[in-house]
Every structure is written in C-alpha cells, then in structure tokens.
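A short worksheet on the structure shown next.
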There are 2 protein chains.
Amino acid sequence: MNERLVQLFKQNQGVFLSGEQLSKELNCSRTAVWKHIQSLRKEGFEFEAVPKLGYRLLQVPERIDQASLLARLQTRTLGRTIKLYDEVDSTQNIAHELVRNGAGEGTLVIAEQQTKGRGRMGRNWLSPKGKGIWMSVVLKPEIPLPFTPQLTLLVAVALCRTIRKLTPEVGIKWPNDLLVRGKKISGILLESSAEDERLNYVIVGVGISANLKEEDYPDDLREKATSLLIERGEPIDRAALVCDFLLQLEDLYELYRDQGFAPIRTLWEALTVTLQRKVTIQTAQGIEEGTAVAIDDMGALLVAKPDGRTVTYFSGDVGQP
Amino acid sequence: MNERLVQLFKQNQGVFLSGEQLSKELNCSRTAVWKHIQSLRKEGFEFEAVPKLGYRLLQVPERIDQASLLARLQTRTLGRTIKLYDEVDSTQNIAHELVRNGAGEGTLVIAEQQTKGRGRMGRNWLSPKGKGIWMSVVLKPEIPLPFTPQLTLLVAVALCRTIRKLTPEVGIKWPNDLLVRGKKISGILLESSAEDERLNYVIVGVGISANLKEEDYPDDLREKATSLLIERGEPIDRAALVCDFLLQLEDLYELYRDQGFAPIRTLWEALTVTLQRKVTIQTAQGIEEGTAVAIDDMGALLVAKPDGRTVTYFSGDVGQP
C-alpha cells in the first residue's frame with residue numbers, strides 16, 4: 001500500500017494530492033491514508049500537509065547504495081567487499097554466516113534496518129529504517145586471544161575520531177560507548193571467535209544514530225540517547241560517514257599491526273570521558289564505586305577504591321555515582 | 001557388502017566359513033572376500049583365520065552407546081545431554097551448530113568417526129571409526145575473555161589426570177597436548193566465542209587415541225603418536241574413559257569457578273613436561289629457543305632467553321632443541 005502511495009506522489013511531483021483523491025485511488029478510508037502517510041514519514045519520507053489542499057511529497061529517504069559507497073571509499077581492504085541489505089535481523093548474524101562461508105577480512109555488511117539489532121550485554125539496539133548506520137565489518141587480525149579487548153578500544157577510537165568531525169563533544173565511555181553530553185550516540189559490539197590461544201576472526205558491529213529524530217526514540221531511550229541529526233540540527237550523509245569511519249579504522253588497524261597497542265592506548269586515553277573520574281561499575285557481583293585511573297595492556301579498567309586498593313575490571317557497565 | 005558379510009558371520013556364530021563359501025554367498029571373488037575381511041578388521045572386527053577352514057568371527061567392535069554412558073556418568077551437568085553420532089565431519093562443527101540453536105552447558109557431542117577431525121593450528125586429527133574418543137563438550141563459563149586460555153590448561157589437567165590412571169607416564173606439553181614418552185596420545189582444541197570483553201561459550205574438543213593399533217597410523221604419524229592400546233597392550237573401555245574424564249573436568253571446573261586459576265595452575269605445573277626444560281618455540285616469526293620457566297596468569301608461557309631476557313609466548317608450537 002505504501003508503495004502505491006509513493007508511486008502516486010512520484011507521478012505527481014510538486015503537486016498537492018487531497019486526502020479524498022488519495023482515498024479514492026487507493027480504495028481506502030481517509031484515516032487509512034493518513035496512517036500510511038505517517039508510516040512513510042517514519043521511513044524518512046517528508047510531506048507538506050496543507051488544509052484543503054492535501055499532501056505534497058517533499059523528499060524521499062536517502063538510501064545507502066553500493067555505487068556511492070565504492071566511489072567514495074579510500075580504503076585498501078576494509079569495505080572492499082560490500083553486502084548491502086534493506087532489512088536484516090542483525091548485520092552481525094549475516095556477517096557471522098558470511099565468515100563461516102569464507103568471507104575475508106574487510107567484508108562489510110550494512111543494512112537500512114535491523115529488526116533484531118544487538119547491543120552490548122544482550123541488549124536490543126534500536127535500528128529504524130534509513131535512520132542510522134547499522135553495519136558489521138569482518139577483521140582477521142593475527143593476535144593472541146587475550147589481546148582481543150584491545151581491538152574493542154581501537155574501534156572506539158576510530159569511531160570517536162570519525163564522529164568528532166561532526167559533533168566535537170563526543171567522547172568514549174569505557175570500553176566502547178560513544179557519548180555526547182552524557183547521551184549515547186553510537187555503540188560497538190565486537191564478537192570474536194578463537195581457536196585455542198589464537199584469535200580467529202572478529203565481527204565489529206557498529207551502530208551510529210545518524211538521522212534519528214527525537215520522536216524516533218521510545219520514551220525510555222529519549223533521555224539517554226541522541227543522534228547526529230539532533231546534535232547538528234540537520235541530517236548527515238550516511239554513505240560519507242561510513243566511508244570516513246572505514247578509513248579511520250583501517251589507518252588505526254595498520255598502526256596497531258605495526259606498532260602494537262601503545263599508540264592506540266594513548267589515543268583512547270585522549271578521547272575518553274571515563275578516566276580520572278568517579279565511576280560506578282555494575283558487574284555480575286553488584287554495583288561498586290571508585291575512581292577510574294587507567295586502562296591496562298589488556299584494555300581492562302583500573303579503578304582506585306576508597307580503601308586504597310586498585311581493582312582491575314575486565315568487564316562491566318560504567319556509570320556516574 | 002561388509003554388512004552382508006557381518007550378517008553371515010553373525011548367523012554362524014563360532015563357525016568357520018571358508019573363503020569359497022563366502023565368495024559364493026556374496027557372489028564375488030575370494031580376493032574380494034579377503035579385502036572385505038581386511039576392511040572389517042580396520043573397523044574393529046576380529047577374525048580368526050585358519051588355512052583350509054576359513055574365517056571365524058571372534059569379536060564385533062565395541063560401540064559407545066547412550067545407555068551405558070548415562071548409567072556410568074557421575075556428573076551433575078557435563079554430559080547430561082548427549083548427542084551420539086556414527087559419523088560426523090567434526091564433533092566441533094556439530095557442537096557449534098547445537099550452541100547456535102540454544103544447546104546448554106555440558107552438552108556432549110560424541111562420534112564413532114570423524115571424517116574431518118580438526119587439531120591444533122588448522123591440522124587434521126586422525127579419527128578412525130570406533131578406535132578413539134572423538135568428542136566435544138559445551139561450556140559457558142562467566143569469565144572475562146582474556147582468561148579463556150586458563151580453560152585450555154584446565155582441560156589439559158582434567159584429561160591428564162584421567163589418562164594417568166591408565167598410563168602413568170603421561171604429561172602435558174604446553175599448552176594442551178598430552179604426551180607419553182614424547183609421543184602424542186591425546187589432544188585438545190578449544191574453540192571460543194566472545195561478545196566484547198565477555199566469553200560467550202567454549203567448545204572443548206577432545207581427541208583420545210584409545211584403541212588405535214600401530215597399523216592404524218599413517219607412516220608419518222607412527223613415530224610421533226601412540227595410543228592407550230599400544231601403551232597398555234590391551235584395549236580400553238571407551239565409555240568408562242569418557243565418563244571418568246567428564247567427572248574430572250566437572251570437578252576442576254567447579255574448583256576454578258570457586259577459587260579461580262591458582263589451584264589449576266598448580267596442578268598444571270605438577271603435570272607438565274614443558275617447564276624447567278630447554279625448548280624451541282615455533283611462531284609465525286620463526287623458531288626461537290630458551291628455557292621454559294613458568295606460565296603466567298593468562299596461561300602464557302614465559303621463556304628465559306640466552307641473553308637474559310624473559311619472553312612471554314601467548315601461542316606457538318613447543319618442541320625440543
């Protein structure tokens with residue numbers, strides 16, 4: 001139904017179509033027409049509505065297409081194989097499947113919409129159609145298994161450097177959440193597969209809330225989340241952002257392969273909002289408090305406790321006391 | 001053809017059947033009969049051959065069956081769900097598939113034969129029918145990702161303690177090969193899946209060369225490998241061995257969850273043949289030498305170099321200089 005509606009508007013570019021006309025053409029009620037218009041708006045279509053005149057299509061949603069990605073991509077390896085989808089359950093699932101079938105390093109999976117987007121710690125990740133960047137990248141670094149968390153921090157640095165060009169206040173919350181004014185703007189999920197003490201591959205999942213409006217968030221997220229559109233007041237070019245991120249990631253990945261974790265750690269420390277602050281840490285054992293003082297060679301967070309001890313946290317959810 | 005041959009022998013228990021009789025019954029040449037007898041011998045059938053009288057079936061191969069496993073199993077969790085197969089490509093592959101479909105901790109996959117058994121570092125693992133224990137166990141420990149190699153050592157300890165009851169000279173070569181008189185008798189492949197800094201699950205693959213005879217090994221393995229049958233001079237009860245290993249593994253796994261890596265490390269150090277010896281280590285960078293002095297909290301091997309430095313190896317293939 002929505003497709004026929006879009007077709008009608010496209011055949012009548014710049015022209016107002018009244019609710020009555022549309023309900024006749026589509027053979028449905030005017031309330032139904034209004035509902036379809038609303039659902040198209042959610043997908044990124046913009047309509048002007050004028051009483052008595054009706055609706056006029058102003059803008060169709062921008063879509064990420066393969067040609068425009070490849071034309072702008074400046075990387076050597078990352079994103080050189082692109083799998084583009086309209087709707088998937090999760091780009092992570094698709095990427096795992098592709099790797100099991102032999103997909104190589106740099107393979108990029110990107111979708112306009114995820115119906116079961118996954119976030120950290122088993123949470124859902126809101127991934128409405130056409131509004132964000134929902135993607136997964138395959139990496140196959142030859143590193144020992146215990147170094148895997150270093151990659152998590154590396155990806156956070158690449159993503160933070162990319163987003164800073166659009167909203168300078170962005171910072172990294174340990175280990176890999178990206179916040180603007182305390183609100184989450186982007187997240188990373190790094191799923192890894194290892195064989196004995198050697199890493200096999202990682203699937204780097206990245207979600208960037210690019211062009212979501214406030215009304216795109218459910219009530220419980222509105223206070224905790226933001227988007228590039230909300231921060232900047234204008235929509236951003238998603239394909240350009242994808243290409244910029246992949247280049248940042250490739251540069252850092254090569255730096256890491258050549259020089260190890262030390263330079264990545266320095267960059268992470270410069271971009272984090274977690275260190276030298278009082279923090280709470282939610283772990284399986286409960287909530288603990290202290291001052292985050294450093295990260296170690298394995299990417300773990302060192303927290304100074306009120307009693308003088310320094311405790312190493314390998315995982316956990318950092319908050320403010 | 002082999003099935004009809006076995007049927008004939010079973011219908012004539014204790015009776016000699018001549019090559020001529022058999023070739024008539026099976027409608028094939030006497031040479032073909034001899035070839036079939038040989039191939040059945042490889043599967044574990046034992047025949048007495050007497051000139052002029054022919055062949056008599058002495059023993060059919062022992063098979064691992066679910067009822068006898070469950071009857072002897074003393075564990076609480078491990079092996080309480082058993083998936084038993086006649087032939088698989090790899091029990092690891094089956095276990096991964098089962099976990100993706102929701103299989104829980106302790107799920108045991110066991111097969112009489114693997115056609116594509118996997119060993120460490122992408123090597124093949126010889127898994128002839130009915131001759132060994134080819135199995136995979138699902139574990140879902142709630143530990144940080146960098147601790148995963150501790151599990152590799154834990155499994156090696158459990159396996160070594162199990163096999164020591166049958167051949168006391170068995171020892172662990174870092175990280176997890178089991179050797180008797182310098183020859184490999186059993187191997188472990190631990191495949192893990194993680195989400196960010198948290199381990200998701202591990203599939204513990206274990207191969208035990210139980211009842212292989214010397215002639216079951218190809219020429220290039222005969223000098224490097226041995227079996228419990230070769231060491232003891234008599235076949236062992238595979239189902240009993242599986243149950244004993246699972247109990248050892250469960251005990252150590254619970255100890256690890258309660259008290260961490262320290263007690264596991266002590267046990268590993270007591271059972272290893274790697275520490276306090278001159279070793280070579282083959283890594284992606286080449287072969288290096290030194291004296292293995294310790295393992296660290298991450299299960300890595302510390303090697304003292306001739307120049308006085310101590311180098312940490314997270315992975316590599318240990319040999320003798």
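Labels for the structure tokens follow display order: chains A, B, ..., residues from 1 in each chain, ligands from 1.
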Quick one: which residues from chain B are at most 6 Å off chain A, using only C-alpha atoms, as a VMD selection string? chain B and resid 144 146 149 190 to 197 314 to 315
Residue contacts of Val303 in chain A (6 Å, only C-alpha atoms) excluding same-chain residues fewer than 4 positions away, as a ChimeraX atom specification: /A:290-293,310-311
Can you write just those residues out, all heavy atoms, as a tab-separated table (two decimals), in the first residue's frame?
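Result file selection_15.tsv:
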chain	number	residue	atom	x	y	z
A	290	GLY	N	34.40	3.89	42.72
A	290	GLY	CA	35.81	4.23	42.84
A	290	GLY	C	36.16	5.30	41.83
A	290	GLY	O	35.28	5.91	41.22
A	291	THR	N	37.46	5.51	41.66
A	291	THR	CA	37.93	6.47	40.67
A	291	THR	C	38.67	5.72	39.58
A	291	THR	O	39.62	4.99	39.85
A	291	THR	CB	38.89	7.50	41.32
A	291	THR	OG1	38.20	8.14	42.40
A	291	THR	CG2	39.32	8.55	40.30
A	292	ALA	N	38.19	5.90	38.33
A	292	ALA	CA	38.83	5.23	37.20
A	292	ALA	C	40.17	5.91	36.95
A	292	ALA	O	40.23	7.12	36.71
A	292	ALA	CB	37.95	5.33	35.96
A	293	VAL	N	41.27	5.14	37.03
A	293	VAL	CA	42.58	5.78	36.94
A	293	VAL	C	43.35	5.45	35.66
A	293	VAL	O	44.17	6.25	35.20
A	293	VAL	CB	43.47	5.45	38.17
A	293	VAL	CG1	42.94	6.14	39.41
A	293	VAL	CG2	43.55	3.94	38.40
A	310	THR	N	43.67	-0.91	44.27
A	310	THR	CA	43.31	-0.68	42.87
A	310	THR	C	42.78	-1.99	42.32
A	310	THR	O	43.42	-3.03	42.41
A	310	THR	CB	44.53	-0.22	42.06
A	310	THR	OG1	44.98	1.03	42.58
A	310	THR	CG2	44.17	-0.04	40.58
A	311	VAL	N	41.57	-1.94	41.77
A	311	VAL	CA	40.91	-3.15	41.28
A	311	VAL	C	40.85	-3.11	39.75
A	311	VAL	O	40.60	-2.06	39.16
A	311	VAL	CB	39.49	-3.28	41.88
A	311	VAL	CG1	38.77	-4.49	41.31
A	311	VAL	CG2	39.57	-3.38	43.40
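Take the candidates B:Arg123, B:Lys224, B:Lys129, B:Arg63 and check each one against Glu87 in chain B using only C-alpha atoms; the shortest distance goes to B:Lys129.
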Between B:Gln7, B:Asp216, B:Ala111, B:Val157, single out the one closest to Ser39 in chain B, counting only C-alpha atoms.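 Of the candidates, the smallest distance to Ser39 in chain B is held by B:Asp216.
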With a distance cut-off of 10 Å and only C-alpha atoms, select the neighbouring residues of Arg232 in chain A, excluding the residue or stretch itself and same-chain residues fewer than 5 positions from it, and output the selection as a PDB file with N, CA and C atoms, in the first residue's frame.
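Ended up saving to part33.pdb:
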ATOM      1  N   LEU A 166      31.891  15.703  13.197  1.00  0.00           N
ATOM      2  CA  LEU A 166      30.510  16.157  13.068  1.00  0.00           C
ATOM      3  C   LEU A 166      29.975  16.759  14.366  1.00  0.00           C
ATOM      4  N   THR A 167      30.341  16.185  15.508  1.00  0.00           N
ATOM      5  CA  THR A 167      29.988  16.750  16.828  1.00  0.00           C
ATOM      6  C   THR A 167      31.213  16.651  17.723  1.00  0.00           C
ATOM      7  N   ASN A 211      20.533   9.857  11.651  1.00  0.00           N
ATOM      8  CA  ASN A 211      19.449  10.783  11.333  1.00  0.00           C
ATOM      9  C   ASN A 211      18.150  10.492  12.082  1.00  0.00           C
ATOM     10  N   SER A 227      21.317  11.736  18.613  1.00  0.00           N
ATOM     11  CA  SER A 227      21.732  11.386  17.251  1.00  0.00           C
ATOM     12  C   SER A 227      22.515  12.556  16.659  1.00  0.00           C
TER      13      SER A 227
END
Quick one: DSSP alpha helix (DSSP H) residues in range 41-176 of chain A, as a count of residues only? 36
Need to verify the contact set: Arg4 in chain A, 12 Å, only C-alpha atoms, exclusion of same-chain residues closer than 6 positions in sequence. Can you return it as a PyMOL selection string? chain A and resi 10-11+22-23+25-27+33+36-37+40
Using only C-alpha atoms, determine which residues lie at most 8 Å from Arg72 in chain B, disregarding the query and same-chain residues fewer than 3 positions distant; provide the list as a PDB file with C-alpha atoms, in the first residue's frame.
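out00.pdb, written as the output of this step:
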ATOM      1  CA  SER B  68      25.936 -47.207  29.052  1.00  0.00           C
ATOM      2  CA  LEU B  69      27.230 -43.634  29.170  1.00  0.00           C
ATOM      3  CA  ALA B 240      34.220 -45.622  31.043  1.00  0.00           C
ATOM      4  CA  CYS B 243      32.631 -40.743  31.979  1.00  0.00           C
TER       5      CYS B 243
END
In range 149-292 of chain B, DSSP strand (DSSP E) residues written as a PyMOL selection string: chain B and resi 171-173+177-180+183-195+198-208+277-283+286-292
Could you dump the residues just selected with N, CA and C atoms as a CSV table (one decimal), in the first residue's frame?
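result-v5.csv, written as the output of this step:
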chain,number,residue,atom,x,y,z
B,171,GLY,N,52.2,-36.8,30.3
B,171,GLY,CA,52.4,-35.4,30.8
B,171,GLY,C,51.9,-34.4,29.8
B,172,ILE,N,51.8,-33.1,30.2
B,172,ILE,CA,51.2,-32.1,29.4
B,172,ILE,C,52.3,-31.3,28.7
B,173,LYS,N,52.3,-31.2,27.4
B,173,LYS,CA,53.2,-30.2,26.7
B,173,LYS,C,52.4,-28.9,26.5
B,177,ASP,N,48.8,-30.3,24.8
B,177,ASP,CA,49.0,-31.7,24.2
B,177,ASP,C,49.4,-32.7,25.3
B,178,LEU,N,48.9,-33.9,25.1
B,178,LEU,CA,49.2,-34.9,26.1
B,178,LEU,C,50.2,-35.9,25.4
B,179,LEU,N,51.3,-36.1,26.1
B,179,LEU,CA,52.4,-36.9,25.5
B,179,LEU,C,52.7,-38.1,26.4
B,180,VAL,N,53.0,-39.2,25.8
B,180,VAL,CA,53.6,-40.4,26.6
B,180,VAL,C,54.9,-40.7,25.9
B,183,LYS,N,55.5,-39.1,22.7
B,183,LYS,CA,54.5,-39.3,21.6
B,183,LYS,C,53.1,-38.8,22.0
B,184,LYS,N,52.4,-38.2,21.1
B,184,LYS,CA,51.1,-37.7,21.4
B,184,LYS,C,50.1,-38.8,21.5
B,185,ILE,N,49.3,-38.7,22.6
B,185,ILE,CA,48.3,-39.7,22.9
B,185,ILE,C,46.9,-39.1,22.9
B,186,SER,N,46.9,-37.7,23.0
B,186,SER,CA,45.6,-37.1,23.1
B,186,SER,C,45.8,-35.6,22.9
B,187,GLY,N,44.7,-35.0,22.3
B,187,GLY,CA,44.8,-33.5,22.0
B,187,GLY,C,43.6,-32.8,22.4
B,188,ILE,N,43.7,-31.5,22.5
B,188,ILE,CA,42.6,-30.6,22.9
B,188,ILE,C,42.5,-29.5,21.9
B,189,LEU,N,41.3,-29.2,21.5
B,189,LEU,CA,41.1,-28.0,20.7
B,189,LEU,C,39.9,-27.2,21.3
B,190,LEU,N,40.2,-26.0,21.8
B,190,LEU,CA,39.3,-25.2,22.5
B,190,LEU,C,38.8,-24.0,21.6
B,191,GLU,N,37.6,-24.1,21.1
B,191,GLU,CA,37.1,-23.0,20.3
B,191,GLU,C,36.2,-22.2,21.1
B,192,SER,N,36.4,-20.9,21.0
B,192,SER,CA,35.6,-20.0,21.9
B,192,SER,C,35.0,-18.9,21.1
B,193,SER,N,33.9,-18.4,21.7
B,193,SER,CA,33.1,-17.3,21.1
B,193,SER,C,32.9,-16.3,22.2
B,194,ALA,N,33.2,-15.0,21.9
B,194,ALA,CA,33.0,-14.0,22.9
B,194,ALA,C,32.3,-12.8,22.3
B,195,GLU,N,31.7,-12.0,23.3
B,195,GLU,CA,31.0,-10.8,22.9
B,195,GLU,C,31.7,-9.7,23.7
B,198,ARG,N,33.5,-10.2,27.2
B,198,ARG,CA,33.0,-11.4,28.0
B,198,ARG,C,32.9,-12.6,27.1
B,199,LEU,N,33.3,-13.7,27.7
B,199,LEU,CA,33.3,-15.0,27.0
B,199,LEU,C,31.8,-15.4,26.9
B,200,ASN,N,31.5,-15.9,25.7
B,200,ASN,CA,30.1,-16.4,25.5
B,200,ASN,C,30.0,-17.9,25.7
B,201,TYR,N,30.8,-18.7,25.0
B,201,TYR,CA,30.8,-20.1,25.2
B,201,TYR,C,32.2,-20.6,24.7
B,202,VAL,N,32.5,-21.8,25.2
B,202,VAL,CA,33.6,-22.5,24.5
B,202,VAL,C,33.2,-23.9,24.1
B,203,ILE,N,33.7,-24.4,23.1
B,203,ILE,CA,33.5,-25.8,22.7
B,203,ILE,C,34.9,-26.5,22.9
B,204,VAL,N,34.9,-27.4,23.9
B,204,VAL,CA,36.1,-28.1,24.2
B,204,VAL,C,36.1,-29.4,23.4
B,205,GLY,N,37.0,-29.4,22.4
B,205,GLY,CA,37.2,-30.6,21.6
B,205,GLY,C,38.3,-31.5,22.2
B,206,VAL,N,38.0,-32.8,22.3
B,206,VAL,CA,39.0,-33.7,22.9
B,206,VAL,C,39.1,-34.9,22.0
B,207,GLY,N,40.3,-35.3,21.6
B,207,GLY,CA,40.6,-36.5,20.9
B,207,GLY,C,41.5,-37.4,21.7
B,208,ILE,N,41.1,-38.6,22.0
B,208,ILE,CA,41.9,-39.5,22.7
B,208,ILE,C,42.2,-40.7,21.9
B,277,ARG,N,62.7,-26.9,31.2
B,277,ARG,CA,63.4,-27.5,30.1
B,277,ARG,C,63.8,-26.6,29.0
B,278,LYS,N,64.8,-26.9,28.3
B,278,LYS,CA,65.2,-26.1,27.1
B,278,LYS,C,64.1,-26.5,26.1
B,279,VAL,N,63.6,-25.4,25.4
B,279,VAL,CA,62.5,-25.6,24.4
B,279,VAL,C,62.8,-24.8,23.2
B,280,THR,N,62.2,-25.3,22.1
B,280,THR,CA,62.1,-24.4,20.9
B,280,THR,C,60.7,-24.0,20.8
B,281,ILE,N,60.5,-22.8,20.3
B,281,ILE,CA,59.1,-22.4,20.0
B,281,ILE,C,59.0,-21.9,18.6
B,282,GLN,N,58.1,-22.6,17.9
B,282,GLN,CA,57.8,-22.2,16.5
B,282,GLN,C,56.6,-21.2,16.5
B,283,THR,N,56.9,-20.0,16.1
B,283,THR,CA,55.8,-19.0,16.0
B,283,THR,C,55.8,-18.5,14.5
B,286,GLY,N,59.1,-17.3,13.3
B,286,GLY,CA,60.2,-18.2,13.2
B,286,GLY,C,60.4,-19.1,14.4
B,287,ILE,N,61.5,-19.8,14.4
B,287,ILE,CA,61.8,-20.7,15.6
B,287,ILE,C,62.7,-20.0,16.6
B,288,GLU,N,62.4,-20.0,17.8
B,288,GLU,CA,63.2,-19.4,18.9
B,288,GLU,C,63.5,-20.4,19.9
B,289,GLU,N,64.5,-20.2,20.7
B,289,GLU,CA,64.9,-21.1,21.8
B,289,GLU,C,65.1,-20.4,23.1
B,290,GLY,N,65.0,-21.3,24.2
B,290,GLY,CA,65.2,-20.8,25.5
B,290,GLY,C,64.9,-21.8,26.5
B,291,THR,N,64.7,-21.4,27.8
B,291,THR,CA,64.3,-22.3,28.8
B,291,THR,C,62.9,-21.9,29.3
B,292,ALA,N,62.0,-22.9,29.3
B,292,ALA,CA,60.6,-22.6,29.7
B,292,ALA,C,60.7,-22.5,31.2
List the spatial neighbours of Gln66 in chain B as a VMD selection string - criterion: any atom at most 9 Å away, only C-alpha atoms, same-chain residues fewer than 2 positions off excluded. chain B and resid 64 68 to 71 82 to 84
For each of B:Ile230, B:Ile295, B:Val242, B:Leu247, take the minimum atom-to-atom distance to Met135 in chain B, counting only C-alpha atoms, then give the residue where this is smallest.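 Among the listed residues, the smallest separation from Met135 in chain B belongs to B:Val242.
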